[in-house]
file model-v7.txt (compact mmCIF, C-alpha atoms)
# COMPACT_ATOMS: atom_id res chain seq x y z
CA MET A 1 0.00 0.00 0.00
CA ILE A 2 1.41 3.40 -1.01
CA PRO A 3 1.58 5.97 1.84
CA LYS A 4 -0.46 9.13 1.52
CA ASP A 5 2.72 11.21 1.45
CA GLY A 6 3.92 9.10 -1.49
CA ASN A 7 0.63 9.71 -3.32
CA ARG A 8 0.90 13.46 -2.76
CA PHE A 9 4.49 13.47 -3.98
CA SER A 10 3.54 11.52 -7.14
CA GLU A 11 0.65 13.89 -7.76
CA LYS A 12 3.00 16.89 -7.47
CA ILE A 13 5.31 15.34 -10.06
CA ARG A 14 2.38 14.69 -12.42
CA LEU A 15 1.23 18.30 -12.06
CA LYS A 16 4.73 19.61 -12.74
CA LEU A 17 5.08 17.44 -15.84
CA ARG A 18 1.64 18.57 -17.02
CA ASN A 19 2.85 22.17 -16.82
CA LEU A 20 5.64 21.29 -19.27
CA SER A 21 3.35 21.63 -22.27
CA LEU A 22 5.30 21.28 -25.51
CA SER A 23 4.04 21.08 -29.04
CA PRO A 24 5.24 18.21 -31.24
CA ARG A 25 7.45 20.70 -33.10
CA GLN A 26 9.00 21.93 -29.82
CA ILE A 27 9.67 18.34 -28.75
CA LEU A 28 11.50 17.62 -32.01
CA ASP A 29 13.36 20.93 -31.77
CA ASP A 30 14.49 20.18 -28.22
CA ILE A 31 15.70 16.69 -29.16
CA ALA A 32 17.57 18.12 -32.14
CA LEU A 33 19.10 20.87 -29.98
CA CYS A 34 20.38 18.33 -27.46
CA LEU A 35 21.78 16.13 -30.23
CA VAL A 36 23.58 19.13 -31.72
CA PHE A 37 24.96 20.21 -28.34
CA PHE A 38 25.83 16.85 -26.76
CA THR A 39 27.16 15.06 -29.84
CA ARG A 40 29.38 15.69 -32.85
CA LEU A 41 27.15 13.80 -35.26
CA PRO A 42 26.94 15.28 -38.78
CA LEU A 43 23.44 16.68 -38.41
CA PRO A 44 21.70 19.14 -40.74
CA VAL A 45 21.39 22.81 -39.81
CA PHE A 46 18.35 23.45 -37.61
CA ASP A 47 16.46 26.65 -36.86
CA PHE A 48 15.71 26.48 -33.12
CA ARG A 49 13.94 29.85 -33.15
CA GLY A 50 15.54 31.12 -29.96
CA ARG A 51 15.00 27.90 -27.99
CA SER A 52 17.56 27.79 -25.15
CA LEU A 53 19.53 24.80 -23.94
CA ALA A 54 17.99 25.25 -20.47
CA ALA A 55 14.51 24.80 -21.93
CA ALA A 56 15.56 21.78 -24.00
CA ILE A 57 17.71 20.01 -21.39
CA TRP A 58 14.87 17.59 -20.60
CA ALA A 59 15.76 15.87 -23.91
CA ALA A 60 19.41 15.28 -22.94
CA PRO A 61 18.68 11.59 -22.12
CA VAL A 62 17.60 11.11 -25.75
CA ALA A 63 21.04 12.27 -26.86
CA GLY A 64 22.50 9.88 -24.30
CA LEU A 65 20.46 7.03 -25.72
CA VAL A 66 21.91 7.74 -29.17
CA VAL A 67 25.46 7.82 -27.80
CA GLY A 68 24.93 4.56 -25.93
CA LEU A 69 23.42 2.90 -28.98
CA ILE A 70 26.42 3.84 -31.11
CA GLY A 71 28.77 2.37 -28.52
CA ALA A 72 26.71 -0.82 -28.35
CA ILE A 73 26.74 -1.22 -32.14
CA VAL A 74 30.54 -0.92 -32.17
CA PHE A 75 30.79 -3.43 -29.30
CA ALA A 76 28.59 -5.96 -31.11
CA THR A 77 30.38 -5.46 -34.43
CA ALA A 78 33.80 -5.93 -32.85
CA GLU A 79 32.70 -9.11 -31.12
CA ARG A 80 31.10 -10.38 -34.32
CA PHE A 81 34.48 -10.10 -36.07
CA GLY A 82 36.09 -12.23 -33.39
CA LEU A 83 37.65 -9.62 -31.09
CA ALA A 84 37.93 -10.45 -27.41
CA ILE A 85 35.72 -8.66 -24.90
CA GLY A 86 38.50 -6.32 -23.75
CA PRO A 87 39.27 -4.82 -27.18
CA ALA A 88 35.55 -4.73 -28.02
CA ALA A 89 34.88 -2.74 -24.85
CA ALA A 90 37.74 -0.38 -25.65
CA LEU A 91 36.41 0.27 -29.16
CA ALA A 92 32.91 0.87 -27.79
CA LEU A 93 34.35 3.41 -25.36
CA VAL A 94 36.27 5.09 -28.19
CA ALA A 95 33.04 5.31 -30.21
CA THR A 96 31.14 7.05 -27.40
CA VAL A 97 33.99 9.50 -26.77
CA LEU A 98 34.27 10.36 -30.46
CA THR A 99 30.50 10.78 -30.69
CA THR A 100 30.48 13.37 -27.90
CA GLY A 101 33.76 15.03 -28.88
CA CYS A 102 35.14 14.49 -25.35
CA LEU A 103 32.68 17.14 -24.15
CA HIS A 104 32.17 15.68 -20.69
CA GLU A 105 35.70 14.33 -20.31
CA ASP A 106 36.95 17.88 -20.75
CA GLY A 107 34.69 19.02 -17.92
CA LEU A 108 35.88 16.23 -15.64
CA SER A 109 39.54 17.06 -16.17
CA ASP A 110 38.97 20.79 -15.66
CA VAL A 111 37.06 20.22 -12.42
CA ALA A 112 39.74 17.87 -11.10
CA ASP A 113 42.45 20.44 -11.84
CA GLY A 114 40.45 23.36 -10.45
CA PHE A 115 39.17 21.72 -7.29
CA GLY A 116 42.45 19.93 -6.68
CA GLY A 117 44.90 22.74 -7.42
CA GLY A 118 43.08 25.97 -6.60
CA LYS A 119 43.36 27.61 -3.18
CA SER A 120 40.52 30.11 -3.51
CA ARG A 121 37.19 30.21 -5.33
CA GLY A 122 38.53 32.65 -7.91
CA ARG A 123 41.66 30.61 -8.50
CA LYS A 124 39.66 27.39 -8.91
CA LEU A 125 37.47 29.02 -11.56
CA GLU A 126 40.54 30.42 -13.27
CA ILE A 127 42.20 26.99 -13.46
CA MET A 128 38.99 25.40 -14.75
CA ARG A 129 38.92 27.89 -17.62
CA ASP A 130 42.55 27.18 -18.55
CA SER A 131 42.73 24.86 -21.57
CA ARG A 132 45.90 23.19 -20.29
CA ILE A 133 45.57 19.94 -18.38
CA GLY A 134 47.33 19.29 -15.08
CA ALA A 135 48.16 16.24 -13.02
CA TYR A 136 44.77 16.09 -11.31
CA GLY A 137 42.95 16.35 -14.63
CA ALA A 138 45.11 13.72 -16.32
CA MET A 139 44.61 11.30 -13.43
CA ALA A 140 40.83 11.89 -13.42
CA LEU A 141 40.63 11.14 -17.14
CA ALA A 142 42.78 8.03 -16.82
CA LEU A 143 40.70 6.66 -13.96
CA SER A 144 37.42 7.46 -15.74
CA LEU A 145 38.49 5.60 -18.87
CA LEU A 146 39.91 2.69 -16.87
CA ILE A 147 36.82 2.19 -14.73
CA ARG A 148 34.42 2.45 -17.68
CA TRP A 149 36.50 0.04 -19.74
CA SER A 150 36.71 -2.40 -16.82
CA ALA A 151 32.93 -2.33 -16.38
CA LEU A 152 32.25 -2.83 -20.10
CA SER A 153 34.72 -5.73 -20.16
CA GLU A 154 32.40 -7.65 -17.83
CA PHE A 155 29.76 -8.10 -20.53
CA VAL A 156 30.11 -11.25 -22.61
CA GLU A 157 26.95 -10.64 -24.64
CA PRO A 158 26.30 -7.62 -26.90
CA THR A 159 22.81 -7.34 -25.43
CA GLN A 160 24.28 -6.79 -21.98
CA ALA A 161 26.54 -4.04 -23.31
CA LEU A 162 23.57 -2.50 -25.14
CA PHE A 163 21.44 -2.32 -21.99
CA ALA A 164 24.32 -1.02 -19.87
CA LEU A 165 25.40 1.68 -22.31
CA ILE A 166 21.89 2.96 -22.97
CA ALA A 167 21.07 3.05 -19.25
CA ALA A 168 24.35 4.74 -18.31
CA HIS A 169 24.35 7.39 -21.03
CA ALA A 170 20.66 8.25 -20.69
CA ALA A 171 20.55 8.36 -16.88
CA SER A 172 23.81 10.32 -16.59
CA ARG A 173 22.32 13.07 -18.74
CA GLY A 174 18.94 12.96 -17.03
CA VAL A 175 20.42 14.48 -13.86
CA LEU A 176 21.92 17.50 -15.60
CA GLY A 177 18.75 19.59 -15.69
CA ALA A 178 18.14 19.12 -11.97
CA PHE A 179 21.74 20.07 -11.25
CA MET A 180 21.40 23.28 -13.28
CA HIS A 181 18.08 24.05 -11.57
CA LEU A 182 19.34 23.59 -8.02
CA LEU A 183 22.67 25.37 -8.38
CA PRO A 184 23.18 28.89 -9.76
CA PRO A 185 25.99 29.59 -12.25
CA ALA A 186 29.28 30.17 -10.46
CA ARG A 187 30.28 32.90 -12.92
CA SER A 188 28.33 35.49 -14.87
CA ASP A 189 29.63 34.30 -18.23
CA GLY A 190 30.42 30.96 -19.80
CA LEU A 191 28.46 27.97 -21.02
CA SER A 192 26.30 27.46 -17.94
CA ALA A 193 25.34 31.13 -17.62
CA ASP A 194 24.56 31.37 -21.33
CA ALA A 195 22.36 28.25 -21.22
CA GLY A 196 19.66 30.00 -19.18
CA THR A 197 17.58 28.97 -16.18
CA VAL A 198 16.19 25.45 -15.99
CA SER A 199 12.62 25.28 -14.69
CA ILE A 200 11.51 22.70 -12.15
CA GLU A 201 9.21 21.13 -14.75
CA THR A 202 12.08 20.72 -17.21
CA ALA A 203 14.35 19.29 -14.52
CA ILE A 204 11.76 16.71 -13.43
CA ALA A 205 10.99 15.72 -17.02
CA GLY A 206 14.67 15.11 -17.75
CA ALA A 207 15.18 13.13 -14.55
CA VAL A 208 12.16 10.91 -15.24
CA LEU A 209 13.15 10.37 -18.87
CA GLY A 210 16.69 9.48 -17.82
CA ALA A 211 15.54 7.08 -15.10
CA ILE A 212 13.29 4.96 -17.33
CA PRO A 213 16.17 3.21 -19.20
CA LEU A 214 17.55 2.06 -15.84
CA LEU A 215 14.84 -0.62 -15.93
CA LEU A 216 17.01 -2.35 -18.54
CA LEU A 217 19.20 -3.32 -15.57
CA GLY A 218 16.31 -5.16 -13.95
CA LEU A 219 14.17 -3.84 -11.12
CA GLY A 220 16.82 -4.48 -8.47
CA GLY A 221 19.56 -2.94 -10.59
CA ALA A 222 17.39 0.09 -11.37
CA ILE A 223 16.66 0.70 -7.66
CA VAL A 224 20.33 0.41 -6.71
CA ALA A 225 21.34 2.70 -9.58
CA LEU A 226 18.76 5.32 -8.56
CA ILE A 227 19.94 5.29 -4.95
CA LEU A 228 23.58 5.54 -6.01
CA LEU A 229 22.82 8.38 -8.44
CA GLY A 230 20.90 10.24 -5.73
CA LEU A 231 23.77 9.96 -3.26
CA LEU A 232 26.31 10.95 -5.89
CA PHE A 233 24.19 13.92 -6.97
CA ALA A 234 23.84 15.19 -3.40
CA ALA A 235 27.54 14.74 -2.64
CA PHE A 236 28.72 16.43 -5.82
CA ARG A 237 26.27 19.30 -5.37
CA THR A 238 27.62 19.90 -1.87
CA LEU A 239 31.18 19.74 -3.18
CA CYS A 240 30.44 22.35 -5.86
CA VAL A 241 28.81 24.67 -3.32
CA ASN A 242 31.80 24.40 -1.01
CA GLN A 243 34.37 24.79 -3.78
CA ILE A 244 32.96 27.43 -6.14
CA ASP A 245 29.53 28.30 -4.72
CA GLY A 246 27.68 27.19 -7.86
CA GLN A 247 28.01 25.26 -11.09
CA THR A 248 29.72 25.70 -14.44
CA GLY A 249 29.70 23.84 -17.72
CA ASP A 250 32.72 21.90 -16.47
CA THR A 251 30.95 20.71 -13.32
CA ILE A 252 27.98 19.61 -15.43
CA GLY A 253 30.34 17.55 -17.57
CA ALA A 254 32.02 16.08 -14.51
CA LEU A 255 28.65 15.09 -13.04
CA GLN A 256 27.78 13.29 -16.27
CA GLN A 257 31.04 11.34 -16.13
CA LEU A 258 30.62 10.35 -12.50
CA SER A 259 27.00 9.32 -13.07
CA GLU A 260 27.90 7.28 -16.16
CA ILE A 261 30.57 5.45 -14.17
CA ALA A 262 28.13 4.76 -11.33
CA VAL A 263 25.51 3.22 -13.62
CA LEU A 264 28.08 1.14 -15.53
CA LEU A 265 29.37 -0.28 -12.25
CA VAL A 266 25.86 -1.23 -11.18
CA ALA A 267 25.23 -2.74 -14.62
CA SER A 268 28.42 -4.81 -14.42
CA VAL A 269 26.94 -6.53 -11.35
CA ALA A 270 23.27 -6.61 -12.37
CA LEU A 271 23.73 -7.87 -15.92
CA SER A 272 26.91 -9.93 -15.93

call {"tool": "encode", "arguments": {"input": "model-v7.txt", "output": "structure tokens"}}
result
Amino acid sequence: MIPKDGNRFSEKIRLKLRNLSLSPRQILDDIALCLVFFTRLPLPVFDFRGRSLAAAIWAAPVAGLVVGLIGAIVFATAERFGLAIGPAAALALVATVLTTGCLHEDGLSDVADGFGGGKSRGRKLEIMRDSRIGAYGAMALALSLLIRWSALSEFVEPTQALFALIAAHAASRGVLGAFMHLLPPARSDGLSADAGTVSIETAIAGAVLGAIPLLLLGLGGAIVALILLGLLFAAFRTLCVNQIDGQTGDTIGALQQLSEIAVLLVASVALS
């Protein structure tokens, strides 16, 4: 039996989602905008008619689904040609990184350098904007690639890799809208400030859309992944508040990387 508080909470979510009224054209525009922003796919030129990334961020999990699908296709193709699981996992990881143009990896390395090497808020932001990579950033990238490759190497069947990659890439982008909604931009210029303000309706829609693919991990895997993502989200939000008193495009990218790793680790247990 569902508690009354749970019913009221579910009803609030339904009302918020109902307020996010989009026309079919706006839905397609938002999906296209997220594909253009989050991937480097050779897409045609679109006219978004002033639609901001903040308004379209609910569709980020769709872009994640596309990225995960591309990685899964490469994994299955490599295995079909007789490659071992390790090389197949590495090629799948290469495919996802090339598809996104290292967008989120760049954010992870910048955050590691800034948070690890800066003494003050201003200095941390200055380091994060520097295009050069330091020891903290290099180590963060190396560990991210190693952990993701290790998790993907656990899957002996292409279907397992497909489910894991789709769940990880969709869910890790579903949390981005909520992160942008709950934390103000740490600086007055830059990617995050230019993106605009994310509404609560948009944040909830993105989170729900990103959570649905977690069911590919099974009910138990989905529950564990949701709990882990929630704890990670809260911890990283607190870290960003303490370090730079807000969020930037780099912290958004770092959150995506950490969330992707978390879901892949859960998938390596739930599916293998």

call {"tool": "closest_residue", "arguments": {"input": "model-v7.txt", "among": "A:Thr99, A:Gln256, A:Ser52, A:Ser153", "to": "Gly210 in chain A", "atoms": "only C-alpha atoms"}}
result
A:Gln256

call {"tool": "atom_distance", "arguments": {"input": "model-v7.txt", "atom1": "CA of Ala55 in chain A", "atom2": "CA of Val198 in chain A"}}
result
6.2 Å

call {"tool": "closest_atom_pairs", "arguments": {"input": "model-v7.txt", "of": "range 129-240 of chain A", "to": "range 62-67 of chain A", "cutoff": "12 Å", "atoms": "all atoms listed in the file", "output": "JSON lines"}}
result
{"residue": "A:Leu162", "atom": "CA", "partner": "A:Leu65", "partner_atom": "CA", "distance": 10.0}
{"residue": "A:Phe163", "atom": "CA", "partner": "A:Leu65", "partner_atom": "CA", "distance": 10.1}
{"residue": "A:Ala164", "atom": "CA", "partner": "A:Leu65", "partner_atom": "CA", "distance": 10.7}
{"residue": "A:Leu165", "atom": "CA", "partner": "A:Leu65", "partner_atom": "CA", "distance": 8.0}
{"residue": "A:Ile166", "atom": "CA", "partner": "A:Leu65", "partner_atom": "CA", "distance": 5.1}
{"residue": "A:Ala167", "atom": "CA", "partner": "A:Leu65", "partner_atom": "CA", "distance": 7.6}
{"residue": "A:Ala168", "atom": "CA", "partner": "A:Gly64", "partner_atom": "CA", "distance": 8.1}
{"residue": "A:His169", "atom": "CA", "partner": "A:Gly64", "partner_atom": "CA", "distance": 4.5}
{"residue": "A:Ala170", "atom": "CA", "partner": "A:Gly64", "partner_atom": "CA", "distance": 4.4}
{"residue": "A:Ala171", "atom": "CA", "partner": "A:Gly64", "partner_atom": "CA", "distance": 7.8}
{"residue": "A:Ser172", "atom": "CA", "partner": "A:Gly64", "partner_atom": "CA", "distance": 7.8}
{"residue": "A:Arg173", "atom": "CA", "partner": "A:Gly64", "partner_atom": "CA", "distance": 6.4}
{"residue": "A:Gly174", "atom": "CA", "partner": "A:Gly64", "partner_atom": "CA", "distance": 8.7}
{"residue": "A:Val175", "atom": "CA", "partner": "A:Gly64", "partner_atom": "CA", "distance": 11.6}
{"residue": "A:Leu176", "atom": "CA", "partner": "A:Gly64", "partner_atom": "CA", "distance": 11.6}
{"residue": "A:Ala205", "atom": "CA", "partner": "A:Val62", "partner_atom": "CA", "distance": 11.9}
{"residue": "A:Gly206", "atom": "CA", "partner": "A:Val62", "partner_atom": "CA", "distance": 9.4}
{"residue": "A:Ala207", "atom": "CA", "partner": "A:Val62", "partner_atom": "CA", "distance": 11.6}
{"residue": "A:Val208", "atom": "CA", "partner": "A:Val62", "partner_atom": "CA", "distance": 11.8}
{"residue": "A:Leu209", "atom": "CA", "partner": "A:Val62", "partner_atom": "CA", "distance": 8.2}
{"residue": "A:Gly210", "atom": "CA", "partner": "A:Val62", "partner_atom": "CA", "distance": 8.1}
{"residue": "A:Ala211", "atom": "CA", "partner": "A:Val62", "partner_atom": "CA", "distance": 11.6}
{"residue": "A:Ile212", "atom": "CA", "partner": "A:Leu65", "partner_atom": "CA", "distance": 11.2}
{"residue": "A:Pro213", "atom": "CA", "partner": "A:Leu65", "partner_atom": "CA", "distance": 8.7}
{"residue": "A:Leu214", "atom": "CA", "partner": "A:Leu65", "partner_atom": "CA", "distance": 11.4}

call {"tool": "closest_residue", "arguments": {"input": "model-v7.txt", "among": "A:Met128, A:Ala161, A:Leu264, A:Leu258", "to": "His104 in chain A", "atoms": "all atoms listed in the file"}}
result
A:Leu258

call {"tool": "closest_residue", "arguments": {"input": "model-v7.txt", "among": "A:Ile27, A:Ile57, A:Ser272, A:Ala32", "to": "Val45 in chain A", "atoms": "only C-alpha atoms"}}
result
A:Ala32

call {"tool": "atom_distance", "arguments": {"input": "model-v7.txt", "atom1": "CA of Leu143 in chain A", "atom2": "CA of Leu255 in chain A"}}
result
14.7 Å

call {"tool": "closest_residue", "arguments": {"input": "model-v7.txt", "among": "A:Leu183, A:Gly68, A:Ser199, A:Val263", "to": "Leu226 in chain A", "atoms": "only C-alpha atoms"}}
result
A:Val263

call {"tool": "atom_distance", "arguments": {"input": "model-v7.txt", "atom1": "CA of Ser188 in chain A", "atom2": "CA of Ala135 in chain A"}}
result
27.7 Å

call {"tool": "closest_residue", "arguments": {"input": "model-v7.txt", "among": "A:Ile252, A:Val266, A:Leu182, A:Leu108", "to": "Leu152 in chain A", "atoms": "only C-alpha atoms"}}
result
A:Val266

call {"tool": "residues_near_point", "arguments": {"input": "model-v7.txt", "point": "(18.2, 24.5, -34.7)", "cutoff": "12 Å", "atoms": "all atoms listed in the file", "output": "VMD selection string"}}
result
chain A and resid 25 to 26 28 to 37 43 to 53 56

call {"tool": "residues_around", "arguments": {"input": "model-v7.txt", "residues": "range 189-196 of chain A", "least_positions_apart": "4", "cutoff": "6 Å", "atoms": "only C-alpha atoms", "output": "ChimeraX atom specification"}}
result
/A:53-54,185,248-249

call {"tool": "residues_around", "arguments": {"input": "model-v7.txt", "residues": "Gln160 in chain A", "least_positions_apart": "6", "cutoff": "10 Å", "atoms": "only C-alpha atoms", "output": "list in words"}}
result
Ala72, Leu152, Glu154, Leu216, Leu217, Ala267, Ser268, Ala270, Leu271 and Ser272 of chain A
